[in-house]
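Asks: This is start26.pdb, which holds PDB, C-alpha atoms:
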```pdb
ATOM      1  CA  VAL X   1      35.457 -97.383  -8.972  1.00  0.00           C
ATOM      2  CA  GLN X   2      37.197 -96.033  -5.908  1.00  0.00           C
ATOM      3  CA  LEU X   3      39.678 -93.193  -5.505  1.00  0.00           C
ATOM      4  CA  VAL X   4      41.230 -92.705  -2.083  1.00  0.00           C
ATOM      5  CA  GLU X   5      43.341 -89.643  -1.319  1.00  0.00           C
ATOM      6  CA  SER X   6      45.827 -89.481   1.513  1.00  0.00           C
ATOM      7  CA  GLY X   7      48.698 -87.326   2.705  1.00  0.00           C
ATOM      8  CA  GLY X   8      46.904 -84.144   3.654  1.00  0.00           C
ATOM      9  CA  GLY X   9      47.445 -82.332   6.905  1.00  0.00           C
ATOM     10  CA  LEU X  10      48.724 -79.201   8.597  1.00  0.00           C
ATOM     11  CA  VAL X  11      52.004 -77.710   7.401  1.00  0.00           C
ATOM     12  CA  GLN X  12      53.803 -74.426   7.961  1.00  0.00           C
ATOM     13  CA  PRO X  13      54.287 -71.935   5.129  1.00  0.00           C
ATOM     14  CA  GLY X  14      57.237 -72.961   3.009  1.00  0.00           C
ATOM     15  CA  GLY X  15      56.765 -76.603   3.877  1.00  0.00           C
ATOM     16  CA  SER X  16      55.968 -79.608   1.711  1.00  0.00           C
ATOM     17  CA  LEU X  17      53.357 -82.319   1.474  1.00  0.00           C
ATOM     18  CA  ARG X  18      52.874 -85.253  -0.861  1.00  0.00           C
ATOM     19  CA  LEU X  19      49.344 -86.316  -1.667  1.00  0.00           C
ATOM     20  CA  SER X  20      48.560 -89.794  -2.959  1.00  0.00           C
ATOM     21  CA  CYS X  21      45.522 -91.077  -4.817  1.00  0.00           C
ATOM     22  CA  ALA X  22      45.041 -94.837  -4.899  1.00  0.00           C
ATOM     23  CA  VAL X  23      42.673 -95.975  -7.639  1.00  0.00           C
ATOM     24  CA  SER X  24      40.795 -99.245  -7.961  1.00  0.00           C
ATOM     25  CA  GLY X  25      38.008-100.567 -10.122  1.00  0.00           C
ATOM     26  CA  LEU X  26      39.165 -99.176 -13.452  1.00  0.00           C
ATOM     27  CA  THR X  27      42.113 -99.562 -15.801  1.00  0.00           C
ATOM     28  CA  PHE X  28      44.326 -96.925 -14.228  1.00  0.00           C
ATOM     29  CA  SER X  29      46.805 -96.772 -17.091  1.00  0.00           C
ATOM     30  CA  SER X  30      44.084 -95.577 -19.467  1.00  0.00           C
ATOM     31  CA  ALA X  31      42.783 -92.794 -17.209  1.00  0.00           C
ATOM     32  CA  VAL X  32      43.908 -89.192 -17.299  1.00  0.00           C
ATOM     33  CA  MET X  33      44.491 -88.127 -13.710  1.00  0.00           C
ATOM     34  CA  ARG X  34      43.749 -84.720 -12.273  1.00  0.00           C
ATOM     35  CA  TRP X  35      44.083 -82.947  -8.953  1.00  0.00           C
ATOM     36  CA  TYR X  36      41.588 -80.261  -7.984  1.00  0.00           C
ATOM     37  CA  ARG X  37      41.196 -78.142  -4.900  1.00  0.00           C
ATOM     38  CA  GLN X  38      38.297 -76.290  -3.342  1.00  0.00           C
ATOM     39  CA  THR X  39      37.844 -73.792  -0.542  1.00  0.00           C
ATOM     40  CA  ALA X  40      34.561 -72.825   1.090  1.00  0.00           C
ATOM     41  CA  GLY X  41      32.434 -70.618  -1.105  1.00  0.00           C
ATOM     42  CA  LYS X  42      34.593 -71.066  -4.194  1.00  0.00           C
ATOM     43  CA  GLU X  43      34.387 -73.246  -7.253  1.00  0.00           C
ATOM     44  CA  ARG X  44      36.574 -76.304  -7.539  1.00  0.00           C
ATOM     45  CA  GLU X  45      39.873 -75.374  -9.202  1.00  0.00           C
ATOM     46  CA  LEU X  46      41.909 -77.624 -11.479  1.00  0.00           C
ATOM     47  CA  VAL X  47      45.416 -77.729 -10.053  1.00  0.00           C
ATOM     48  CA  ALA X  48      47.215 -80.205 -12.313  1.00  0.00           C
ATOM     49  CA  ASP X  49      46.653 -83.060 -14.710  1.00  0.00           C
ATOM     50  CA  ILE X  50      48.788 -85.770 -16.250  1.00  0.00           C
ATOM     51  CA  THR X  51      48.444 -87.929 -19.336  1.00  0.00           C
ATOM     52  CA  THR X  52      47.920 -91.676 -19.199  1.00  0.00           C
ATOM     53  CA  SER X  53      51.591 -92.449 -19.733  1.00  0.00           C
ATOM     54  CA  GLY X  54      52.779 -89.687 -17.453  1.00  0.00           C
ATOM     55  CA  GLY X  55      54.640 -88.096 -20.309  1.00  0.00           C
ATOM     56  CA  ARG X  56      52.968 -84.708 -20.101  1.00  0.00           C
ATOM     57  CA  ALA X  57      51.566 -82.631 -17.260  1.00  0.00           C
ATOM     58  CA  ASN X  58      49.808 -79.294 -17.001  1.00  0.00           C
ATOM     59  CA  TYR X  59      49.555 -76.937 -14.054  1.00  0.00           C
ATOM     60  CA  ALA X  60      47.512 -73.984 -12.911  1.00  0.00           C
ATOM     61  CA  ASP X  61      49.550 -70.794 -12.952  1.00  0.00           C
ATOM     62  CA  SER X  62      49.115 -70.490  -9.195  1.00  0.00           C
ATOM     63  CA  VAL X  63      51.083 -73.693  -8.524  1.00  0.00           C
ATOM     64  CA  LYS X  64      53.479 -73.834 -11.462  1.00  0.00           C
ATOM     65  CA  GLY X  65      57.043 -74.389 -10.311  1.00  0.00           C
ATOM     66  CA  ARG X  66      55.936 -75.503  -6.829  1.00  0.00           C
ATOM     67  CA  PHE X  67      53.724 -78.541  -7.412  1.00  0.00           C
ATOM     68  CA  THR X  68      54.531 -81.706  -9.362  1.00  0.00           C
ATOM     69  CA  ILE X  69      51.988 -84.274 -10.477  1.00  0.00           C
ATOM     70  CA  SER X  70      53.137 -87.824 -11.194  1.00  0.00           C
ATOM     71  CA  ARG X  71      51.781 -91.319 -11.470  1.00  0.00           C
ATOM     72  CA  ASP X  72      52.870 -94.921 -11.040  1.00  0.00           C
ATOM     73  CA  ASN X  73      50.811 -97.112 -13.336  1.00  0.00           C
ATOM     74  CA  ALA X  74      52.211-100.253 -11.721  1.00  0.00           C
ATOM     75  CA  LYS X  75      50.791 -99.138  -8.363  1.00  0.00           C
ATOM     76  CA  ASN X  76      47.555 -97.573  -9.694  1.00  0.00           C
ATOM     77  CA  THR X  77      48.459 -94.417  -7.821  1.00  0.00           C
ATOM     78  CA  ALA X  78      48.766 -90.743  -8.661  1.00  0.00           C
ATOM     79  CA  TYR X  79      50.699 -88.207  -6.625  1.00  0.00           C
ATOM     80  CA  LEU X  80      50.861 -84.491  -6.054  1.00  0.00           C
ATOM     81  CA  GLN X  81      54.118 -83.228  -4.591  1.00  0.00           C
ATOM     82  CA  MET X  82      53.556 -79.784  -3.104  1.00  0.00           C
ATOM     83  CA  ASN X  83      56.550 -77.644  -2.184  1.00  0.00           C
ATOM     84  CA  SER X  84      56.918 -74.062  -0.976  1.00  0.00           C
ATOM     85  CA  LEU X  85      53.377 -74.155   0.328  1.00  0.00           C
ATOM     86  CA  LYS X  86      51.553 -70.913   0.950  1.00  0.00           C
ATOM     87  CA  PRO X  87      48.534 -70.128   3.144  1.00  0.00           C
ATOM     88  CA  GLU X  88      46.493 -69.628  -0.015  1.00  0.00           C
ATOM     89  CA  ASP X  89      47.092 -73.289  -0.894  1.00  0.00           C
ATOM     90  CA  THR X  90      44.822 -74.226   2.011  1.00  0.00           C
ATOM     91  CA  ALA X  91      41.928 -76.245   0.568  1.00  0.00           C
ATOM     92  CA  VAL X  92      40.383 -79.667   0.245  1.00  0.00           C
ATOM     93  CA  TYR X  93      42.282 -81.477  -2.484  1.00  0.00           C
ATOM     94  CA  TYR X  94      40.492 -83.990  -4.703  1.00  0.00           C
ATOM     95  CA  CYS X  95      41.873 -86.432  -7.203  1.00  0.00           C
ATOM     96  CA  SER X  96      39.896 -87.345 -10.282  1.00  0.00           C
ATOM     97  CA  ALA X  97      40.170 -89.986 -12.981  1.00  0.00           C
ATOM     98  CA  LEU X  98      38.891 -89.396 -16.524  1.00  0.00           C
ATOM     99  CA  ARG X  99      38.282 -92.344 -18.761  1.00  0.00           C
ATOM    100  CA  PHE X 100      36.095 -92.604 -21.857  1.00  0.00           C
ATOM    101  CA  GLY X 101      34.112 -89.496 -20.984  1.00  0.00           C
ATOM    102  CA  TYR X 102      33.450 -90.437 -17.385  1.00  0.00           C
ATOM    103  CA  GLN X 103      34.954 -88.581 -14.452  1.00  0.00           C
ATOM    104  CA  TYR X 104      35.404 -90.252 -11.098  1.00  0.00           C
ATOM    105  CA  TRP X 105      36.197 -88.475  -7.821  1.00  0.00           C
ATOM    106  CA  GLY X 106      37.822 -89.189  -4.526  1.00  0.00           C
ATOM    107  CA  GLN X 107      36.484 -88.007  -1.191  1.00  0.00           C
ATOM    108  CA  GLY X 108      39.102 -85.290  -0.739  1.00  0.00           C
ATOM    109  CA  THR X 109      41.869 -84.602   1.738  1.00  0.00           C
ATOM    110  CA  GLN X 110      42.316 -81.396   3.718  1.00  0.00           C
ATOM    111  CA  VAL X 111      45.513 -79.404   3.337  1.00  0.00           C
ATOM    112  CA  THR X 112      46.023 -76.532   5.754  1.00  0.00           C
ATOM    113  CA  VAL X 113      49.005 -74.192   5.458  1.00  0.00           C
ATOM    114  CA  SER X 114      49.371 -72.113   8.591  1.00  0.00           C
ATOM    115  CA  SER X 115      51.952 -71.058  11.139  1.00  0.00           C
TER     116      SER X 115
END
```
Could you rewrite the structure in this file as structure tokens?
Replies:
Amino acid sequence: VQLVESGGGLVQPGGSLRLSCAVSGLTFSSAVMRWYRQTAGKERELVADITTSGGRANYADSVKGRFTISRDNAKNTAYLQMNSLKPEDTAVYYCSALRFGYQYWGQGTQVTVSS
């Protein structure tokens, strides 16, 4: 199983980024997808998750109204659209796939929000 994140980078406050997570090696359409983030010295934080069909999503209060999680089951890819970014959104972002009690992780992508 392989999860590969992309789309991170440096952006100014108020800007936007779109993260992608390409998944291979498992039946993507049966996996719940999640995005986490982590900064140095802190625990990994669940940012958003989405059901297998994409019909329902949940968000951390800190990103609600600014971030949108989505998925394309035909492309085996999950996304995290991040708008109105703030310096406190700076972190390494990880995607994760949950299927039948197993959780798989990507390698992470750095997002830095700074002027």
Asks: Each residue of region 5-41 of chain X lying at most 6 Å from region 79-88 of chain X should get a row with its shortest atom-to-atom pair and the distance in Å to one decimal, counting all atoms listed in the file; could you produce that, ordered by chain and increasing number, as JSON lines?
Replies:
```
{"residue": "X:Pro13", "atom": "CA", "partner": "X:Lys86", "partner_atom": "CA", "distance": 5.1}
{"residue": "X:Gly14", "atom": "CA", "partner": "X:Ser84", "partner_atom": "CA", "distance": 4.1}
{"residue": "X:Gly15", "atom": "CA", "partner": "X:Ser84", "partner_atom": "CA", "distance": 5.5}
{"residue": "X:Ser16", "atom": "CA", "partner": "X:Asn83", "partner_atom": "CA", "distance": 4.4}
{"residue": "X:Leu17", "atom": "CA", "partner": "X:Met82", "partner_atom": "CA", "distance": 5.2}
{"residue": "X:Arg18", "atom": "CA", "partner": "X:Gln81", "partner_atom": "CA", "distance": 4.4}
{"residue": "X:Leu19", "atom": "CA", "partner": "X:Leu80", "partner_atom": "CA", "distance": 5.0}
{"residue": "X:Ser20", "atom": "CA", "partner": "X:Tyr79", "partner_atom": "CA", "distance": 4.5}
```
Asks: Restricting it to C-alpha atoms, dump the selection as a compact mmCIF listing (two decimals), in the frame of the given file.
Replies:
```txt
# COMPACT_ATOMS: atom_id res chain seq x y z
CA PRO X 13 54.29 -71.94 5.13
CA GLY X 14 57.24 -72.96 3.01
CA GLY X 15 56.76 -76.60 3.88
CA SER X 16 55.97 -79.61 1.71
CA LEU X 17 53.36 -82.32 1.47
CA ARG X 18 52.87 -85.25 -0.86
CA LEU X 19 49.34 -86.32 -1.67
CA SER X 20 48.56 -89.79 -2.96
```
Asks: Looking at X:Arg99, X:Thr68, X:Leu46, X:Asp89, which one is nearest to Leu26 (chain X), with distances taken over only C-alpha atoms?
Replies: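 Of the candidates, the smallest distance to Leu26 (chain X) is held by X:Arg99.
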Asks: What's the separation between CA of Gly106 (chain X) and CA of Gly65 (chain X), in Å to one decimal place?
Replies: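 These atoms are spaced 24.9 Å apart.
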Asks: Determine the nearest neighbour of Ser62 (chain X) from the options X:Val47, X:Leu3, X:Leu10, X:Val92, counting all atoms listed in the file.
Replies: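 So, comparing all the options, the nearest one is X:Val47.
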Asks: Smallest atom-to-atom distance to Glu5 (chain X): which of X:Val113, X:Ala60, X:Ala78, X:Ala91, using all atoms listed in the file?
Replies: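 Between X:Val113, X:Ala60, X:Ala78, X:Ala91, the residue approaching Glu5 (chain X) most closely is X:Ala78.
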Asks: What lies within 10 Å of Tyr59 (chain X) using all atoms listed in the file, ignoring chain neighbours under 4 positions off, as number ranges by chain?
Replies: X: 34-35, 46-50, 63-69
Asks: What gap, in Å, lies between CA of Ala74 (chain X) and CA of Thr109 (chain X)?
Replies: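 Separation between CA of Ala74 (chain X) and CA of Thr109 (chain X): 23.1 Å.
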Asks: Padding of 3 Å on every side, edges along x, y and z, all listed atoms of region 38-57 of chain X included: what centre and edge lengths in Å, to one decimal, does that box have, as JSON?
Replies:
```
{"center_x": 43.5, "center_y": -81.5, "center_z": -9.6, "size_x": 28.2, "size_y": 27.8, "size_z": 27.4}
```
Asks: Would you kindly place all heavy atoms on region 53-64 of chain X and return the model as a PDB file, in the frame of the given file?
Replies:
```
ATOM      1  N   SER X  53      50.238 -91.896 -19.848  1.00  0.00           N
ATOM      2  CA  SER X  53      51.591 -92.449 -19.733  1.00  0.00           C
ATOM      3  C   SER X  53      52.454 -91.701 -18.733  1.00  0.00           C
ATOM      4  O   SER X  53      53.528 -92.160 -18.354  1.00  0.00           O
ATOM      5  CB  SER X  53      52.283 -92.396 -21.095  1.00  0.00           C
ATOM      6  OG  SER X  53      52.507 -91.052 -21.478  1.00  0.00           O
ATOM      7  N   GLY X  54      51.971 -90.528 -18.331  1.00  0.00           N
ATOM      8  CA  GLY X  54      52.779 -89.687 -17.453  1.00  0.00           C
ATOM      9  C   GLY X  54      53.761 -88.824 -18.199  1.00  0.00           C
ATOM     10  O   GLY X  54      54.580 -88.132 -17.595  1.00  0.00           O
ATOM     11  N   GLY X  55      53.663 -88.821 -19.514  1.00  0.00           N
ATOM     12  CA  GLY X  55      54.640 -88.096 -20.309  1.00  0.00           C
ATOM     13  C   GLY X  55      54.436 -86.594 -20.369  1.00  0.00           C
ATOM     14  O   GLY X  55      55.355 -85.852 -20.751  1.00  0.00           O
ATOM     15  N   ARG X  56      53.233 -86.153 -20.037  1.00  0.00           N
ATOM     16  CA  ARG X  56      52.968 -84.708 -20.101  1.00  0.00           C
ATOM     17  C   ARG X  56      52.055 -84.300 -18.954  1.00  0.00           C
ATOM     18  O   ARG X  56      51.100 -84.997 -18.627  1.00  0.00           O
ATOM     19  CB  ARG X  56      52.321 -84.350 -21.431  1.00  0.00           C
ATOM     20  CG  ARG X  56      52.190 -82.859 -21.661  1.00  0.00           C
ATOM     21  CD  ARG X  56      51.854 -82.535 -23.106  1.00  0.00           C
ATOM     22  NE  ARG X  56      50.538 -82.998 -23.477  1.00  0.00           N
ATOM     23  CZ  ARG X  56      50.328 -83.962 -24.360  1.00  0.00           C
ATOM     24  NH1 ARG X  56      51.335 -84.573 -24.939  1.00  0.00           N
ATOM     25  NH2 ARG X  56      49.093 -84.318 -24.660  1.00  0.00           N
ATOM     26  N   ALA X  57      52.367 -83.155 -18.361  1.00  0.00           N
ATOM     27  CA  ALA X  57      51.566 -82.631 -17.260  1.00  0.00           C
ATOM     28  C   ALA X  57      51.285 -81.155 -17.485  1.00  0.00           C
ATOM     29  O   ALA X  57      52.058 -80.458 -18.152  1.00  0.00           O
ATOM     30  CB  ALA X  57      52.303 -82.824 -15.936  1.00  0.00           C
ATOM     31  N   ASN X  58      50.180 -80.701 -16.929  1.00  0.00           N
ATOM     32  CA  ASN X  58      49.808 -79.294 -17.001  1.00  0.00           C
ATOM     33  C   ASN X  58      49.484 -78.803 -15.602  1.00  0.00           C
ATOM     34  O   ASN X  58      48.998 -79.567 -14.762  1.00  0.00           O
ATOM     35  CB  ASN X  58      48.586 -79.099 -17.898  1.00  0.00           C
ATOM     36  CG  ASN X  58      48.839 -79.517 -19.329  1.00  0.00           C
ATOM     37  OD1 ASN X  58      49.611 -78.901 -20.041  1.00  0.00           O
ATOM     38  ND2 ASN X  58      48.196 -80.601 -19.735  1.00  0.00           N
ATOM     39  N   TYR X  59      49.739 -77.509 -15.383  1.00  0.00           N
ATOM     40  CA  TYR X  59      49.555 -76.937 -14.054  1.00  0.00           C
ATOM     41  C   TYR X  59      48.828 -75.605 -14.119  1.00  0.00           C
ATOM     42  O   TYR X  59      48.983 -74.837 -15.069  1.00  0.00           O
ATOM     43  CB  TYR X  59      50.917 -76.712 -13.381  1.00  0.00           C
ATOM     44  CG  TYR X  59      51.705 -77.979 -13.190  1.00  0.00           C
ATOM     45  CD1 TYR X  59      52.605 -78.410 -14.159  1.00  0.00           C
ATOM     46  CD2 TYR X  59      51.541 -78.755 -12.039  1.00  0.00           C
ATOM     47  CE1 TYR X  59      53.317 -79.586 -13.994  1.00  0.00           C
ATOM     48  CE2 TYR X  59      52.258 -79.930 -11.863  1.00  0.00           C
ATOM     49  CZ  TYR X  59      53.141 -80.342 -12.847  1.00  0.00           C
ATOM     50  OH  TYR X  59      53.850 -81.508 -12.677  1.00  0.00           O
ATOM     51  N   ALA X  60      48.068 -75.324 -13.068  1.00  0.00           N
ATOM     52  CA  ALA X  60      47.512 -73.984 -12.911  1.00  0.00           C
ATOM     53  C   ALA X  60      48.662 -73.010 -12.661  1.00  0.00           C
ATOM     54  O   ALA X  60      49.677 -73.371 -12.052  1.00  0.00           O
ATOM     55  CB  ALA X  60      46.538 -73.959 -11.737  1.00  0.00           C
ATOM     56  N   ASP X  61      48.489 -71.793 -13.127  1.00  0.00           N
ATOM     57  CA  ASP X  61      49.550 -70.794 -12.952  1.00  0.00           C
ATOM     58  C   ASP X  61      49.897 -70.600 -11.474  1.00  0.00           C
ATOM     59  O   ASP X  61      51.057 -70.336 -11.131  1.00  0.00           O
ATOM     60  CB  ASP X  61      49.117 -69.464 -13.559  1.00  0.00           C
ATOM     61  CG  ASP X  61      49.122 -69.488 -15.075  1.00  0.00           C
ATOM     62  OD1 ASP X  61      49.766 -70.386 -15.659  1.00  0.00           O
ATOM     63  OD2 ASP X  61      48.485 -68.609 -15.679  1.00  0.00           O
ATOM     64  N   SER X  62      48.918 -70.749 -10.618  1.00  0.00           N
ATOM     65  CA  SER X  62      49.115 -70.490  -9.195  1.00  0.00           C
ATOM     66  C   SER X  62      50.041 -71.498  -8.520  1.00  0.00           C
ATOM     67  O   SER X  62      50.568 -71.232  -7.430  1.00  0.00           O
ATOM     68  CB  SER X  62      47.770 -70.463  -8.475  1.00  0.00           C
ATOM     69  OG  SER X  62      47.069 -71.676  -8.674  1.00  0.00           O
ATOM     70  N   VAL X  63      50.249 -72.661  -9.151  1.00  0.00           N
ATOM     71  CA  VAL X  63      51.083 -73.693  -8.524  1.00  0.00           C
ATOM     72  C   VAL X  63      52.292 -74.058  -9.373  1.00  0.00           C
ATOM     73  O   VAL X  63      53.131 -74.855  -8.933  1.00  0.00           O
ATOM     74  CB  VAL X  63      50.263 -74.960  -8.226  1.00  0.00           C
ATOM     75  CG1 VAL X  63      49.025 -74.631  -7.412  1.00  0.00           C
ATOM     76  CG2 VAL X  63      49.894 -75.702  -9.499  1.00  0.00           C
ATOM     77  N   LYS X  64      52.396 -73.481 -10.550  1.00  0.00           N
ATOM     78  CA  LYS X  64      53.479 -73.834 -11.462  1.00  0.00           C
ATOM     79  C   LYS X  64      54.837 -73.553 -10.815  1.00  0.00           C
ATOM     80  O   LYS X  64      55.053 -72.493 -10.224  1.00  0.00           O
ATOM     81  CB  LYS X  64      53.325 -73.031 -12.760  1.00  0.00           C
ATOM     82  CG  LYS X  64      53.939 -73.674 -13.978  1.00  0.00           C
ATOM     83  CD  LYS X  64      53.506 -72.922 -15.248  1.00  0.00           C
ATOM     84  CE  LYS X  64      52.060 -73.159 -15.565  1.00  0.00           C
ATOM     85  NZ  LYS X  64      51.654 -72.525 -16.850  1.00  0.00           N
TER      86      LYS X  64
END
```
